[in-house]
Amino acid sequence: MNKIWALLMLASIILLIFTNPSALVTEMTESAMGVINLCVELVAVYAIWLGILEIVDKTGLSEKLAKLLSPLIRFLFKTNDPEIIKMIAMNMSSNILGVGNAATPCGIKAMKLMDDKSGKATPAMIMLLVVNATSIQLLPTTTIGLRTAAGSVSPTDIMIPTLVATFITAVFGISLTLLIQRVFKRRKKKSLFPTI
Amino acid sequence: MPVLIAALMLYARFKKIETYNVFVKGAKGSVNLVLDIFPFIVAIMVMVALMRASGITDMLIDILAPIFNALGIPTEVSELVLLRPFTGSGSYAILKDIYTTYGVDTYVGRCASVIMGTSETLFYVATVYFSQTSVKKLSYAIPLALVCNIFGTVIACLVCRIL
């Protein structure tokens with residue numbers, strides 16, 4: 001992330017120095033102000049979803065959900081911590097239902113719990129990122145809303161293609177991650193026990 | 001979704017939960033959560049704004065368009081594919097543009113809709129998700145997730161052609 005950010009920032013700034021140097025500070029300030037608006041919105045949206053999630057948690061529904069998904073989560077994340085399993089279960093199901101705003105707080109909490117303080121992303125953390133990046137989508141709510149607003153004849157027409165495409169992508173993403181993690185593990189073992 | 005929330009409220013009442021108190025307790029965490037992730041979002045958004053202002057975004061689109069074409073991704077959606085990893089609100093704005101320019105129910109319009117599902121605001125999610133952890137080294141996380149997103153985009157274009 002550090003490298004990507006530095007590279008893209010530097011490239012943009014250097015180009016701007018030649019083309020439009022006065023725009024630099026205005027652009028930066030304006031975009032940061034845009035973030036304030038976004039954050040005010042996010043405070044409201046997260047307040048609603050965190051409130052609802054707390055109710056879900058209190059009813060014991062999140063435990064039931066965790067139990068339902070725990071074989072899959074145990075396999076993918078190699079964890080037995082009930083709190084982590086619960087957070088990941090809520091994160092995955094929110095994503096599938098198209099409520100990304102409920103998924104984010106759960107994802108942040110799960111990442112925090114999985115952190116081993118080593119400063120490096122663990123395989124389980126990377127798996128969670130991939131699972132979020134490739135999530136299956138049952139109800140693409142925002143997109144359907146935008147399609148309706150744009151005057152589509154059948155706004156929900158994209159639900160089946162989205163489900164099929166996201167399902168294939170999720171399977172691909174998870175398998176690729178498992179494969180890479182297996183290769184890394186084997187390499188580590190080899191370096192620990194060098195032959196001769 | 002509204003039905004689900006109604007069902008949840010009924011179920012919570014049935015379980016004799018003080019829904020009001022519990023809701024308030026959960027909602028309280030929101031301000032601190034957003035305060036914590038605010039600087040990370042600023043860093044990402046400033047970068048996106050500068051990339052756009054400097055013209056790097058357009059240059060990248062020109063460079064990547066032939067590659068996208070080879071993968072079966074139409075040129076009309078390449079701006080969406082390029083900016084989607086960085087910004088959620090930005091990519092929805094581009095999606096709206098695509099709808100008005102090329103039509104909602106055309107191949108391009110449907111393709112763009114499905115791409116919104118198969119891809120994710122990856123850099124945003126990665127920054128926010130890791131913001132509360134000690135992680136400084138993401139190792140192969142970003143390239144891996146990017147590959148998955150590009151694969152998803154290709155699949156989205158393919159599925160739209162069939163279904």
# chains A, B, ... in the order shown; residues from 1 in each chain; ligands from 1
>>> closest_atom_pairs(of="chain A", to="chain B", cutoff="7 Å", atoms="only C-alpha atoms", output="CSV")
residue,atom,partner,partner_atom,distance
A:Met9,CA,B:Met47,CA,5.8
A:Ser12,CA,B:Met51,CA,5.4
A:Leu15,CA,B:Ser54,CA,5.8
A:Leu16,CA,B:Ser54,CA,5.1
A:Glu27,CA,B:Ala49,CA,6.4
A:Met28,CA,B:Val46,CA,5.3
A:Ser31,CA,B:Val46,CA,5.6
A:Ala32,CA,B:Val42,CA,5.5
A:Val35,CA,B:Val42,CA,6.1
A:Cys39,CA,B:Val34,CA,6.4
A:Leu42,CA,B:Val34,CA,6.9
A:Val43,CA,B:Ser30,CA,5.5
A:Tyr46,CA,B:Ser30,CA,5.5
A:Ala47,CA,B:Ala27,CA,4.0
A:Ile48,CA,B:Ala27,CA,6.1
A:Leu50,CA,B:Gly26,CA,5.0
A:Gly51,CA,B:Phe23,CA,4.0
A:Ile52,CA,B:Phe23,CA,6.1
A:Glu54,CA,B:Gly26,CA,5.1
A:Ile55,CA,B:Val22,CA,6.0
A:Thr59,CA,B:Ala12,CA,5.8
A:Gly107,CA,B:Tyr129,CA,6.4
A:Ile108,CA,B:Tyr129,CA,4.7
A:Met111,CA,B:Tyr129,CA,6.5
A:Lys112,CA,B:Thr133,CA,5.3
A:Asp115,CA,B:Thr133,CA,6.0
A:Lys117,CA,B:Ser134,CA,5.3
A:Ser118,CA,B:Ser134,CA,6.9
A:Gly119,CA,B:Val135,CA,4.0
A:Lys120,CA,B:Lys137,CA,4.8
A:Ala121,CA,B:Leu138,CA,5.2
A:Ile126,CA,B:Ala141,CA,5.4
A:Leu129,CA,B:Ala126,CA,6.9
A:Val130,CA,B:Ala145,CA,5.4
A:Ala133,CA,B:Glu120,CA,5.1
A:Thr134,CA,B:Thr118,CA,6.2
A:Gln137,CA,B:Gly117,CA,6.4
A:Pro140,CA,B:Gly117,CA,6.7
A:Thr143,CA,B:Ser113,CA,6.3
A:Arg147,CA,B:Val104,CA,6.5
A:Ala150,CA,B:Tyr99,CA,6.6
A:Ser152,CA,B:Val104,CA,5.6
A:Ile158,CA,B:Val114,CA,6.5
A:Pro161,CA,B:Val159,CA,6.1
A:Thr162,CA,B:Val114,CA,5.0
A:Ala165,CA,B:Ala156,CA,5.4
A:Thr166,CA,B:Thr118,CA,5.0
A:Thr169,CA,B:Gly152,CA,5.1
A:Gly173,CA,B:Cys148,CA,5.4
>>> write_last_selection(atoms="N, CA and C atoms", output="compact mmCIF listing (two decimals), in the first residue's frame")
# COMPACT_ATOMS: atom_id res chain seq x y z
N MET A 9 0.94 8.97 -6.16
CA MET A 9 0.95 10.37 -5.72
C MET A 9 2.06 11.13 -6.44
N SER A 12 1.37 11.66 -10.14
CA SER A 12 0.34 12.69 -10.34
C SER A 12 0.88 14.08 -10.07
N LEU A 15 3.30 15.30 -12.78
CA LEU A 15 2.55 15.68 -13.99
C LEU A 15 1.85 17.02 -13.79
N LEU A 16 1.28 17.20 -12.60
CA LEU A 16 0.55 18.44 -12.32
C LEU A 16 1.47 19.65 -12.30
N GLU A 27 -7.09 20.82 -5.40
CA GLU A 27 -7.60 19.47 -5.59
C GLU A 27 -7.52 18.66 -4.30
N MET A 28 -6.36 18.77 -3.63
CA MET A 28 -6.17 17.99 -2.40
C MET A 28 -7.17 18.42 -1.34
N SER A 31 -10.78 17.37 -2.25
CA SER A 31 -11.09 15.96 -2.10
C SER A 31 -11.18 15.60 -0.61
N ALA A 32 -10.32 16.22 0.22
CA ALA A 32 -10.40 15.95 1.66
C ALA A 32 -11.72 16.44 2.22
N VAL A 35 -14.29 14.02 1.58
CA VAL A 35 -14.24 12.91 2.53
C VAL A 35 -15.02 13.25 3.79
N CYS A 39 -17.78 11.02 5.29
CA CYS A 39 -17.70 10.51 6.66
C CYS A 39 -18.95 10.85 7.47
N LEU A 42 -21.26 8.40 6.47
CA LEU A 42 -20.90 7.09 7.02
C LEU A 42 -21.26 6.98 8.50
N VAL A 43 -21.07 8.07 9.26
CA VAL A 43 -21.43 8.04 10.69
C VAL A 43 -22.90 7.67 10.82
N TYR A 46 -23.41 3.90 9.41
CA TYR A 46 -22.86 2.91 10.33
C TYR A 46 -23.63 2.88 11.64
N ALA A 47 -24.12 4.05 12.09
CA ALA A 47 -24.89 4.08 13.34
C ALA A 47 -26.10 3.18 13.20
N ILE A 48 -26.80 3.29 12.07
CA ILE A 48 -27.98 2.45 11.85
C ILE A 48 -27.59 0.98 11.83
N LEU A 50 -24.77 -0.55 12.82
CA LEU A 50 -24.18 -1.05 14.07
C LEU A 50 -25.27 -1.28 15.11
N GLY A 51 -26.29 -0.41 15.10
CA GLY A 51 -27.43 -0.60 16.00
C GLY A 51 -28.18 -1.87 15.68
N ILE A 52 -28.46 -2.08 14.39
CA ILE A 52 -29.18 -3.30 13.99
C ILE A 52 -28.33 -4.54 14.27
N GLU A 54 -26.16 -4.93 16.56
CA GLU A 54 -26.15 -5.19 18.00
C GLU A 54 -27.41 -5.98 18.39
N ILE A 55 -28.54 -5.61 17.77
CA ILE A 55 -29.78 -6.35 18.04
C ILE A 55 -29.64 -7.80 17.53
N THR A 59 -30.02 -11.11 20.00
CA THR A 59 -31.03 -12.14 19.81
C THR A 59 -30.41 -13.53 19.71
N GLY A 107 -16.07 -6.58 9.34
CA GLY A 107 -14.78 -6.92 8.75
C GLY A 107 -13.64 -6.28 9.52
N ILE A 108 -13.83 -5.00 9.90
CA ILE A 108 -12.80 -4.30 10.66
C ILE A 108 -12.56 -5.01 11.99
N MET A 111 -10.70 -8.34 11.46
CA MET A 111 -9.28 -8.10 11.17
C MET A 111 -8.52 -7.79 12.46
N LYS A 112 -9.12 -6.96 13.30
CA LYS A 112 -8.50 -6.56 14.56
C LYS A 112 -8.25 -7.80 15.43
N ASP A 115 -5.37 -10.05 14.17
CA ASP A 115 -4.06 -9.43 14.15
C ASP A 115 -3.13 -10.11 15.15
N LYS A 117 -0.12 -8.90 15.76
CA LYS A 117 0.81 -7.82 16.15
C LYS A 117 2.19 -7.95 15.53
N SER A 118 2.32 -8.75 14.48
CA SER A 118 3.63 -8.93 13.86
C SER A 118 3.90 -7.86 12.81
N GLY A 119 2.86 -7.08 12.46
CA GLY A 119 3.03 -6.06 11.43
C GLY A 119 2.88 -6.62 10.04
N LYS A 120 2.70 -7.95 9.94
CA LYS A 120 2.51 -8.55 8.62
C LYS A 120 1.12 -9.15 8.52
N ALA A 121 0.53 -9.08 7.32
CA ALA A 121 -0.80 -9.65 7.13
C ALA A 121 -0.69 -11.18 7.19
N ILE A 126 -5.47 -12.15 4.79
CA ILE A 126 -5.49 -12.03 3.34
C ILE A 126 -6.71 -12.74 2.78
N LEU A 129 -9.70 -10.55 3.14
CA LEU A 129 -9.71 -9.49 2.12
C LEU A 129 -10.21 -10.04 0.78
N VAL A 130 -9.70 -11.22 0.40
CA VAL A 130 -10.12 -11.81 -0.88
C VAL A 130 -11.61 -12.17 -0.83
N ALA A 133 -13.41 -9.11 -1.39
CA ALA A 133 -13.25 -8.56 -2.73
C ALA A 133 -14.04 -9.36 -3.76
N THR A 134 -14.31 -10.63 -3.47
CA THR A 134 -14.97 -11.49 -4.46
C THR A 134 -16.32 -12.00 -3.99
N GLN A 137 -22.97 -12.11 -4.58
CA GLN A 137 -23.99 -11.09 -4.37
C GLN A 137 -25.36 -11.59 -4.78
N PRO A 140 -27.93 -7.18 -5.36
CA PRO A 140 -27.14 -5.97 -5.62
C PRO A 140 -28.04 -4.72 -5.50
N THR A 143 -27.10 -1.15 -7.14
CA THR A 143 -27.12 -1.18 -8.60
C THR A 143 -28.56 -1.24 -9.12
N ARG A 147 -30.38 1.42 -11.52
CA ARG A 147 -31.00 1.01 -12.79
C ARG A 147 -32.45 1.50 -12.86
N ALA A 150 -32.48 5.08 -13.61
CA ALA A 150 -32.09 5.39 -14.98
C ALA A 150 -33.16 4.96 -15.99
N SER A 152 -34.69 1.79 -16.39
CA SER A 152 -34.55 0.47 -17.00
C SER A 152 -35.91 -0.22 -17.14
N ILE A 158 -30.45 -8.01 -13.95
CA ILE A 158 -29.03 -8.34 -13.78
C ILE A 158 -28.77 -9.22 -12.55
N PRO A 161 -27.38 -12.89 -13.70
CA PRO A 161 -25.99 -12.79 -14.17
C PRO A 161 -25.02 -12.40 -13.04
N THR A 162 -25.45 -11.47 -12.16
CA THR A 162 -24.57 -11.06 -11.05
C THR A 162 -24.29 -12.24 -10.13
N ALA A 165 -21.94 -14.70 -12.00
CA ALA A 165 -20.59 -14.16 -12.15
C ALA A 165 -19.88 -14.05 -10.80
N THR A 166 -20.60 -13.59 -9.75
CA THR A 166 -19.94 -13.44 -8.45
C THR A 166 -19.62 -14.80 -7.85
N THR A 169 -16.51 -16.01 -9.53
CA THR A 169 -15.37 -15.21 -9.05
C THR A 169 -14.97 -15.61 -7.63
N GLY A 173 -11.40 -16.92 -6.57
CA GLY A 173 -10.60 -16.17 -5.62
C GLY A 173 -10.16 -17.03 -4.44
>>> select_by_dssp(residues="chain A", states="alpha helix (DSSP H)", output="ChimeraX atom specification")
/A:2-19,23-58,61-77,82-96,100-114,123-133,141-149,159-192
>>> atom_distance(atom1="CA of Leu163 (chain A)", atom2="CA of Leu138 (chain A)")
5.8 Å
>>> atom_distance(atom1="CA of Met59 (chain B)", atom2="CA of Ile36 (chain A)")
28.8 Å
>>> closest_residue(among="A:Met125, A:Cys106, A:Asn95, A:Val40", to="Asp57 (chain A)", atoms="only C-alpha atoms")
A:Cys106
>>> atom_distance(atom1="CA of Asn132 (chain A)", atom2="CA of Asn80 (chain A)")
20.1 Å
>>> decode(residues="region 17-98 of chain A", atoms="C-alpha atoms", output="PDB file, in the first residue's frame")
ATOM      1  CA  ILE A  17       3.681  20.573 -11.797  1.00  0.00           C
ATOM      2  CA  PHE A  18       4.082  20.648 -15.583  1.00  0.00           C
ATOM      3  CA  THR A  19       0.438  20.976 -16.539  1.00  0.00           C
ATOM      4  CA  ASN A  20      -1.441  22.816 -13.811  1.00  0.00           C
ATOM      5  CA  PRO A  21       0.557  23.489 -10.623  1.00  0.00           C
ATOM      6  CA  SER A  22      -2.036  25.784  -9.068  1.00  0.00           C
ATOM      7  CA  ALA A  23      -4.601  22.965  -9.077  1.00  0.00           C
ATOM      8  CA  LEU A  24      -2.564  20.767  -6.738  1.00  0.00           C
ATOM      9  CA  VAL A  25      -3.475  22.223  -3.366  1.00  0.00           C
ATOM     10  CA  THR A  26      -7.059  23.030  -4.378  1.00  0.00           C
ATOM     11  CA  GLU A  27      -7.604  19.466  -5.594  1.00  0.00           C
ATOM     12  CA  MET A  28      -6.166  17.989  -2.398  1.00  0.00           C
ATOM     13  CA  THR A  29      -8.214  20.248  -0.135  1.00  0.00           C
ATOM     14  CA  GLU A  30     -11.378  19.741  -2.130  1.00  0.00           C
ATOM     15  CA  SER A  31     -11.089  15.957  -2.097  1.00  0.00           C
ATOM     16  CA  ALA A  32     -10.397  15.949   1.655  1.00  0.00           C
ATOM     17  CA  MET A  33     -13.506  18.069   2.116  1.00  0.00           C
ATOM     18  CA  GLY A  34     -15.404  15.544   0.053  1.00  0.00           C
ATOM     19  CA  VAL A  35     -14.236  12.912   2.529  1.00  0.00           C
ATOM     20  CA  ILE A  36     -15.760  14.951   5.365  1.00  0.00           C
ATOM     21  CA  ASN A  37     -19.123  14.756   3.604  1.00  0.00           C
ATOM     22  CA  LEU A  38     -18.630  11.048   3.006  1.00  0.00           C
ATOM     23  CA  CYS A  39     -17.698  10.508   6.658  1.00  0.00           C
ATOM     24  CA  VAL A  40     -20.727  12.421   7.943  1.00  0.00           C
ATOM     25  CA  GLU A  41     -22.819  10.109   5.765  1.00  0.00           C
ATOM     26  CA  LEU A  42     -20.898   7.090   7.021  1.00  0.00           C
ATOM     27  CA  VAL A  43     -21.429   8.041  10.686  1.00  0.00           C
ATOM     28  CA  ALA A  44     -25.167   8.015  10.034  1.00  0.00           C
ATOM     29  CA  VAL A  45     -25.172   4.826   7.972  1.00  0.00           C
ATOM     30  CA  TYR A  46     -22.861   2.909  10.326  1.00  0.00           C
ATOM     31  CA  ALA A  47     -24.892   4.081  13.344  1.00  0.00           C
ATOM     32  CA  ILE A  48     -27.976   2.448  11.854  1.00  0.00           C
ATOM     33  CA  TRP A  49     -26.217  -0.767  10.877  1.00  0.00           C
ATOM     34  CA  LEU A  50     -24.179  -1.052  14.069  1.00  0.00           C
ATOM     35  CA  GLY A  51     -27.427  -0.596  16.000  1.00  0.00           C
ATOM     36  CA  ILE A  52     -29.175  -3.297  13.988  1.00  0.00           C
ATOM     37  CA  LEU A  53     -26.150  -5.580  14.229  1.00  0.00           C
ATOM     38  CA  GLU A  54     -26.152  -5.185  18.003  1.00  0.00           C
ATOM     39  CA  ILE A  55     -29.776  -6.354  18.037  1.00  0.00           C
ATOM     40  CA  VAL A  56     -28.868  -9.294  15.773  1.00  0.00           C
ATOM     41  CA  ASP A  57     -26.108 -10.141  18.211  1.00  0.00           C
ATOM     42  CA  LYS A  58     -28.345  -9.908  21.302  1.00  0.00           C
ATOM     43  CA  THR A  59     -31.032 -12.142  19.815  1.00  0.00           C
ATOM     44  CA  GLY A  60     -28.428 -14.864  19.415  1.00  0.00           C
ATOM     45  CA  LEU A  61     -28.991 -14.906  15.663  1.00  0.00           C
ATOM     46  CA  SER A  62     -25.339 -14.136  14.999  1.00  0.00           C
ATOM     47  CA  GLU A  63     -24.350 -17.252  16.985  1.00  0.00           C
ATOM     48  CA  LYS A  64     -26.747 -19.328  14.901  1.00  0.00           C
ATOM     49  CA  LEU A  65     -25.336 -17.824  11.725  1.00  0.00           C
ATOM     50  CA  ALA A  66     -21.806 -18.477  12.963  1.00  0.00           C
ATOM     51  CA  LYS A  67     -22.689 -22.099  13.713  1.00  0.00           C
ATOM     52  CA  LEU A  68     -24.146 -22.503  10.237  1.00  0.00           C
ATOM     53  CA  LEU A  69     -21.083 -21.048   8.504  1.00  0.00           C
ATOM     54  CA  SER A  70     -18.437 -22.272  10.922  1.00  0.00           C
ATOM     55  CA  PRO A  71     -17.338 -25.372   8.944  1.00  0.00           C
ATOM     56  CA  LEU A  72     -16.583 -23.131   5.959  1.00  0.00           C
ATOM     57  CA  ILE A  73     -14.964 -20.404   8.079  1.00  0.00           C
ATOM     58  CA  ARG A  74     -12.843 -22.900  10.022  1.00  0.00           C
ATOM     59  CA  PHE A  75     -11.617 -24.368   6.741  1.00  0.00           C
ATOM     60  CA  LEU A  76     -10.854 -21.020   5.090  1.00  0.00           C
ATOM     61  CA  PHE A  77      -9.447 -19.093   8.049  1.00  0.00           C
ATOM     62  CA  LYS A  78      -7.982 -21.917  10.176  1.00  0.00           C
ATOM     63  CA  THR A  79      -9.434 -20.443  13.356  1.00  0.00           C
ATOM     64  CA  ASN A  80     -11.448 -21.751  16.291  1.00  0.00           C
ATOM     65  CA  ASP A  81     -12.016 -18.431  18.043  1.00  0.00           C
ATOM     66  CA  PRO A  82     -15.819 -18.119  18.385  1.00  0.00           C
ATOM     67  CA  GLU A  83     -15.676 -14.299  18.316  1.00  0.00           C
ATOM     68  CA  ILE A  84     -13.708 -14.246  15.052  1.00  0.00           C
ATOM     69  CA  ILE A  85     -16.022 -16.849  13.491  1.00  0.00           C
ATOM     70  CA  LYS A  86     -19.037 -14.770  14.507  1.00  0.00           C
ATOM     71  CA  MET A  87     -17.634 -11.551  13.012  1.00  0.00           C
ATOM     72  CA  ILE A  88     -16.621 -13.241   9.758  1.00  0.00           C
ATOM     73  CA  ALA A  89     -20.039 -14.953   9.524  1.00  0.00           C
ATOM     74  CA  MET A  90     -21.784 -11.579   9.879  1.00  0.00           C
ATOM     75  CA  ASN A  91     -19.348  -9.975   7.428  1.00  0.00           C
ATOM     76  CA  MET A  92     -19.926 -12.669   4.790  1.00  0.00           C
ATOM     77  CA  SER A  93     -23.701 -12.703   5.117  1.00  0.00           C
ATOM     78  CA  SER A  94     -23.962  -8.881   5.010  1.00  0.00           C
ATOM     79  CA  ASN A  95     -21.897  -8.881   1.825  1.00  0.00           C
ATOM     80  CA  ILE A  96     -24.051 -11.589   0.234  1.00  0.00           C
ATOM     81  CA  LEU A  97     -27.215  -9.627   1.093  1.00  0.00           C
ATOM     82  CA  GLY A  98     -25.710  -6.512  -0.483  1.00  0.00           C
TER      83      GLY A  98
END
